[in-house]
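Participant: Enclosed is the structure file upload-v8.cif (mmCIF, C-alpha atoms, pLDDT in the B column; chains and numbers go by the auth columns).
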```cif
data_start
loop_
_atom_site.group_PDB
_atom_site.id
_atom_site.type_symbol
_atom_site.label_atom_id
_atom_site.label_comp_id
_atom_site.label_asym_id
_atom_site.label_seq_id
_atom_site.Cartn_x
_atom_site.Cartn_y
_atom_site.Cartn_z
_atom_site.B_iso_or_equiv
_atom_site.auth_seq_id
_atom_site.auth_asym_id
ATOM 1 C CA MET A 1 0.000 0.000 0.000 52.00 1 A
ATOM 2 C CA SER A 2 1.364 3.381 -0.979 56.00 2 A
ATOM 3 C CA GLU A 3 1.291 6.053 1.583 59.00 3 A
ATOM 4 C CA ASP A 4 0.339 9.642 0.863 55.00 4 A
ATOM 5 C CA ARG A 5 1.644 12.036 3.476 59.00 5 A
ATOM 6 C CA THR A 6 -0.910 14.715 2.521 60.00 6 A
ATOM 7 C CA ARG A 7 -3.862 12.494 3.415 55.00 7 A
ATOM 8 C CA ALA A 8 -4.993 11.356 6.806 56.00 8 A
ATOM 9 C CA THR A 9 -5.927 7.916 5.513 56.00 9 A
ATOM 10 C CA ALA A 10 -4.018 5.662 3.210 54.00 10 A
ATOM 11 C CA ARG A 11 -5.213 5.097 -0.303 53.00 11 A
ATOM 12 C CA PRO A 12 -6.443 1.647 -1.063 55.00 12 A
ATOM 13 C CA ALA A 13 -4.395 -0.190 -3.660 53.00 13 A
ATOM 14 C CA SER A 14 -7.502 -1.005 -5.690 54.00 14 A
ATOM 15 C CA HIS A 15 -7.633 2.524 -7.114 53.00 15 A
ATOM 16 C CA GLY A 16 -4.288 2.132 -8.792 53.00 16 A
ATOM 17 C CA PRO A 17 -1.728 4.822 -9.285 55.00 17 A
ATOM 18 C CA ARG A 18 -2.790 8.387 -9.255 52.00 18 A
ATOM 19 C CA THR A 19 -3.513 9.744 -12.742 52.00 19 A
ATOM 20 C CA HIS A 20 -3.104 13.260 -14.006 51.00 20 A
ATOM 21 C CA GLY A 21 -6.128 15.431 -13.197 53.00 21 A
ATOM 22 C CA SER A 22 -7.711 13.217 -10.598 55.00 22 A
ATOM 23 C CA ALA A 23 -9.122 15.065 -7.631 56.00 23 A
ATOM 24 C CA GLY A 24 -9.160 12.218 -5.146 53.00 24 A
ATOM 25 C CA PRO A 25 -12.161 10.387 -3.795 53.00 25 A
ATOM 26 C CA GLN A 26 -15.468 12.195 -4.217 59.00 26 A
ATOM 27 C CA ASP A 27 -17.273 13.374 -1.143 62.00 27 A
ATOM 28 C CA PRO A 28 -20.727 11.716 -1.122 60.00 28 A
ATOM 29 C CA ARG A 29 -22.163 14.811 0.635 63.00 29 A
ATOM 30 C CA ALA A 30 -20.912 17.240 -2.018 65.00 30 A
ATOM 31 C CA ASP A 31 -23.492 18.617 -4.403 65.00 31 A
ATOM 32 C CA PRO A 32 -22.269 19.526 -7.912 61.00 32 A
ATOM 33 C CA ALA A 33 -25.098 22.044 -8.257 66.00 33 A
ATOM 34 C CA THR A 34 -23.742 24.145 -5.392 69.00 34 A
ATOM 35 C CA ARG A 35 -20.029 23.594 -5.991 68.00 35 A
ATOM 36 C CA PRO A 36 -19.029 24.638 -9.512 64.00 36 A
ATOM 37 C CA THR A 37 -15.695 22.838 -9.288 67.00 37 A
ATOM 38 C CA MET A 38 -17.503 19.494 -9.058 62.00 38 A
ATOM 39 C CA ARG A 39 -19.592 19.975 -12.197 60.00 39 A
ATOM 40 C CA PRO A 40 -18.692 17.650 -15.036 62.00 40 A
ATOM 41 C CA ALA A 41 -16.727 19.265 -17.854 62.00 41 A
ATOM 42 C CA ALA A 42 -19.136 17.867 -20.466 61.00 42 A
ATOM 43 C CA GLU A 43 -21.778 20.509 -19.587 55.00 43 A
ATOM 44 C CA PRO A 44 -21.702 23.462 -21.964 61.00 44 A
ATOM 45 C CA ALA A 45 -20.834 26.678 -20.220 62.00 45 A
ATOM 46 C CA VAL A 46 -23.810 29.021 -19.941 65.00 46 A
ATOM 47 C CA PRO A 47 -22.673 32.619 -20.351 66.00 47 A
ATOM 48 C CA GLU A 48 -24.104 34.972 -17.798 68.00 48 A
ATOM 49 C CA GLY A 49 -25.663 38.241 -18.893 65.00 49 A
ATOM 50 C CA PRO A 50 -24.130 41.581 -17.986 62.00 50 A
ATOM 51 C CA THR A 51 -24.784 42.751 -14.456 68.00 51 A
ATOM 52 C CA VAL A 52 -25.124 46.375 -15.520 69.00 52 A
ATOM 53 C CA PRO A 53 -26.754 47.800 -18.635 67.00 53 A
ATOM 54 C CA THR A 54 -24.253 48.216 -21.404 64.00 54 A
ATOM 55 C CA PRO A 55 -24.796 50.524 -24.371 64.00 55 A
ATOM 56 C CA THR A 56 -25.067 48.667 -27.642 67.00 56 A
ATOM 57 C CA GLY A 57 -24.715 51.717 -29.825 62.00 57 A
ATOM 58 C CA TRP A 58 -26.589 54.862 -30.616 59.00 58 A
ATOM 59 C CA GLU A 59 -30.265 54.083 -30.702 59.00 59 A
ATOM 60 C CA ASP A 60 -33.270 56.216 -31.544 56.00 60 A
ATOM 61 C CA PRO A 61 -35.053 57.406 -28.391 58.00 61 A
ATOM 62 C CA GLN A 62 -38.349 56.672 -30.180 56.00 62 A
ATOM 63 C CA PRO A 63 -38.853 53.624 -32.361 56.00 63 A
ATOM 64 C CA ARG A 64 -39.370 54.399 -36.034 58.00 64 A
ATOM 65 C CA ASP A 65 -42.612 52.435 -36.283 60.00 65 A
ATOM 66 C CA LYS A 66 -44.331 54.579 -33.633 63.00 66 A
ATOM 67 C CA LEU A 67 -45.086 58.111 -34.809 65.00 67 A
ATOM 68 C CA ALA A 68 -44.988 61.019 -32.405 70.00 68 A
ATOM 69 C CA HIS A 69 -48.102 63.099 -31.814 73.00 69 A
ATOM 70 C CA SER A 70 -48.036 66.582 -33.239 80.00 70 A
ATOM 71 C CA ARG A 71 -50.231 69.614 -32.684 80.00 71 A
ATOM 72 C CA THR A 72 -51.444 69.404 -36.260 85.00 72 A
ATOM 73 C CA GLY A 73 -52.461 65.780 -35.811 85.00 73 A
ATOM 74 C CA VAL A 74 -54.352 66.611 -32.634 86.00 74 A
ATOM 75 C CA LEU A 75 -56.025 69.538 -34.423 89.00 75 A
ATOM 76 C CA TRP A 76 -57.172 67.300 -37.288 89.00 76 A
ATOM 77 C CA THR A 77 -58.506 64.728 -34.828 91.00 77 A
ATOM 78 C CA GLY A 78 -60.438 67.455 -33.020 90.00 78 A
ATOM 79 C CA LEU A 79 -61.837 68.805 -36.293 92.00 79 A
ATOM 80 C CA ILE A 80 -63.014 65.356 -37.383 94.00 80 A
ATOM 81 C CA LEU A 81 -64.692 64.723 -34.020 93.00 81 A
ATOM 82 C CA SER A 82 -66.323 68.171 -34.151 91.00 82 A
ATOM 83 C CA ALA A 83 -67.661 67.472 -37.636 93.00 83 A
ATOM 84 C CA LEU A 84 -69.165 64.188 -36.412 94.00 84 A
ATOM 85 C CA VAL A 85 -70.832 65.919 -33.458 90.00 85 A
ATOM 86 C CA LEU A 86 -72.236 68.627 -35.778 89.00 86 A
ATOM 87 C CA LEU A 87 -73.588 65.938 -38.092 93.00 87 A
ATOM 88 C CA LEU A 88 -75.329 64.251 -35.150 91.00 88 A
ATOM 89 C CA LEU A 89 -76.772 67.618 -34.064 88.00 89 A
ATOM 90 C CA LEU A 90 -78.063 68.251 -37.572 89.00 90 A
ATOM 91 C CA VAL A 91 -79.788 64.858 -37.621 91.00 91 A
ATOM 92 C CA PHE A 92 -81.273 65.609 -34.174 89.00 92 A
ATOM 93 C CA ILE A 93 -82.608 68.994 -35.280 88.00 93 A
ATOM 94 C CA LEU A 94 -84.079 67.609 -38.522 89.00 94 A
ATOM 95 C CA GLN A 95 -85.819 64.761 -36.714 91.00 95 A
ATOM 96 C CA ASN A 96 -87.268 67.049 -34.007 89.00 96 A
ATOM 97 C CA ASP A 97 -88.971 69.671 -36.117 89.00 97 A
ATOM 98 C CA ALA A 98 -92.303 69.800 -34.275 92.00 98 A
ATOM 99 C CA PRO A 99 -92.978 73.439 -33.280 92.00 99 A
ATOM 100 C CA ILE A 100 -93.171 74.291 -29.592 92.00 100 A
ATOM 101 C CA GLN A 101 -94.111 77.500 -27.804 93.00 101 A
ATOM 102 C CA ILE A 102 -91.135 79.138 -26.006 89.00 102 A
ATOM 103 C CA ASN A 103 -91.733 81.790 -23.309 90.00 103 A
ATOM 104 C CA PHE A 104 -88.914 83.764 -21.692 85.00 104 A
ATOM 105 C CA PHE A 105 -89.962 86.684 -19.479 91.00 105 A
ATOM 106 C CA ALA A 106 -92.062 88.896 -21.777 91.00 106 A
ATOM 107 C CA ALA A 107 -90.794 87.330 -25.013 90.00 107 A
ATOM 108 C CA SER A 108 -92.554 84.387 -26.572 92.00 108 A
ATOM 109 C CA GLY A 109 -92.188 82.545 -29.835 92.00 109 A
ATOM 110 C CA THR A 110 -92.451 79.283 -31.664 94.00 110 A
ATOM 111 C CA LEU A 111 -89.390 77.216 -32.497 91.00 111 A
ATOM 112 C CA PRO A 112 -88.790 73.655 -33.670 91.00 112 A
ATOM 113 C CA THR A 113 -87.980 71.352 -30.735 91.00 113 A
ATOM 114 C CA GLY A 114 -84.470 70.530 -31.967 89.00 114 A
ATOM 115 C CA VAL A 115 -83.544 74.192 -32.405 89.00 115 A
ATOM 116 C CA ALA A 116 -84.892 75.072 -28.957 90.00 116 A
ATOM 117 C CA LEU A 117 -82.849 72.281 -27.338 89.00 117 A
ATOM 118 C CA LEU A 118 -79.756 73.329 -29.288 88.00 118 A
ATOM 119 C CA LEU A 119 -80.134 76.927 -28.080 88.00 119 A
ATOM 120 C CA ALA A 120 -80.564 75.681 -24.504 90.00 120 A
ATOM 121 C CA ALA A 121 -77.377 73.603 -24.825 89.00 121 A
ATOM 122 C CA ILE A 122 -75.448 76.598 -26.188 91.00 122 A
ATOM 123 C CA ALA A 123 -76.690 78.739 -23.290 91.00 123 A
ATOM 124 C CA GLY A 124 -75.521 76.084 -20.819 92.00 124 A
ATOM 125 C CA LEU A 125 -72.141 75.907 -22.530 91.00 125 A
ATOM 126 C CA LEU A 126 -71.760 79.683 -22.243 92.00 126 A
ATOM 127 C CA LEU A 127 -72.666 79.538 -18.538 94.00 127 A
ATOM 128 C CA VAL A 128 -69.691 77.239 -18.011 93.00 128 A
ATOM 129 C CA ALA A 129 -67.242 78.686 -20.560 94.00 129 A
ATOM 130 C CA ILE A 130 -67.448 82.386 -19.669 94.00 130 A
ATOM 131 C CA PRO A 131 -66.537 82.051 -15.950 93.00 131 A
ATOM 132 C CA GLY A 132 -63.892 79.453 -16.813 94.00 132 A
ATOM 133 C CA GLY A 133 -62.317 81.721 -19.414 94.00 133 A
ATOM 134 C CA LEU A 134 -62.323 84.658 -17.007 94.00 134 A
ATOM 135 C CA ARG A 135 -60.583 82.520 -14.374 95.00 135 A
ATOM 136 C CA ILE A 136 -57.917 81.477 -16.893 94.00 136 A
ATOM 137 C CA LEU A 137 -57.269 85.127 -17.760 94.00 137 A
ATOM 138 C CA GLN A 138 -57.021 85.951 -14.059 94.00 138 A
ATOM 139 C CA LEU A 139 -54.457 83.193 -13.498 94.00 139 A
ATOM 140 C CA ARG A 140 -52.391 84.270 -16.523 93.00 140 A
ATOM 141 C CA ARG A 141 -52.333 87.845 -15.276 92.00 141 A
ATOM 142 C CA ALA A 142 -51.202 86.663 -11.826 92.00 142 A
ATOM 143 C CA ALA A 143 -48.489 84.494 -13.394 91.00 143 A
ATOM 144 C CA ARG A 144 -47.151 87.446 -15.416 89.00 144 A
ATOM 145 C CA ARG A 145 -47.035 89.601 -12.314 88.00 145 A
ATOM 146 C CA GLY A 146 -45.185 86.846 -10.461 84.00 146 A
ATOM 147 C CA ARG A 147 -42.491 86.687 -13.161 78.00 147 A
ATOM 148 C CA ARG A 148 -41.842 90.410 -12.935 71.00 148 A
ATOM 149 C CA LEU A 149 -41.109 90.306 -9.197 62.00 149 A
#
```
Can the structure in the file be given as structure tokens, please?

Facilitator:
Amino acid sequence: MSEDRTRATARPASHGPRTHGSAGPQDPRADPATRPTMRPAAEPAVPEGPTVPTPTGWEDPQPRDKLAHSRTGVLWTGLILSALVLLLLLVFILQNDAPIQINFFAASGTLPTGVALLLAAIAGLLLVAIPGGLRILQLRRAARRGRRL
């Protein structure tokens, strides 16, 4: 039996002489999944991805297939939607042409139902738009004064 001074136990003779690259007896408790040095060499190496983002070159901040919104595009969309709403209003007015009596204080008159409802809607819109517009002007004036200080 040959004696190895680096080992605490003697090597059995059944293993034969030590060959190049042998690592000694395997530990039955060792797990190749947790110890990379025990993995067989036949497994292909799996490259790991970068741990930090690396630039791959100059890229467009916006992809070419997605178009950016422009003010003109938004304007055209608004115009098309407005035309559709006006078309619906026209159909509403033409379908509701029965005359009704309208009284407002001392004034009275006869209007088609659709026209009367349209005028009422416009009056309601003005009741909201005029105070809102005045408030916007007030805020703009205050912002200009704040810049001057």

Participant: List every protein, DNA or RNA residue with an atom no more than 12 Å from (-84.4, 71.6, -31.0) in the file's coordinates, counting only C-alpha atoms, and format the result as an MDAnalysis selection string.

Facilitator: chainID A and resid 89:102 110:122

Participant: Could you state the separation of CA of Ala123 in chain A and CA of Phe104 in chain A in Å, given to one decimal place?

Facilitator: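 Between these atoms lies a distance of 13.3 Å.
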
Participant: Enter the distance from CA of Arg141 in chain A to CA of Val128 in chain A, in Å, rounded to one decimal.

Facilitator: 20.5 Å

Participant: Take CA of Asn103 in chain A and CA of Ala129 in chain A and report the distance between them in Å, one decimal.

Facilitator: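 A separation of 24.8 Å between them.
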
Participant: Let me have the centre and edge lengths of the axis-aligned box enclosing all listed atoms of range 121-138 of chain A with 3 Å padding on every side, in Å to one decimal, as JSON.

Facilitator:
```
{"center_x": -67.2, "center_y": 79.8, "center_z": -20.1, "size_x": 26.4, "size_y": 18.3, "size_z": 18.1}
```
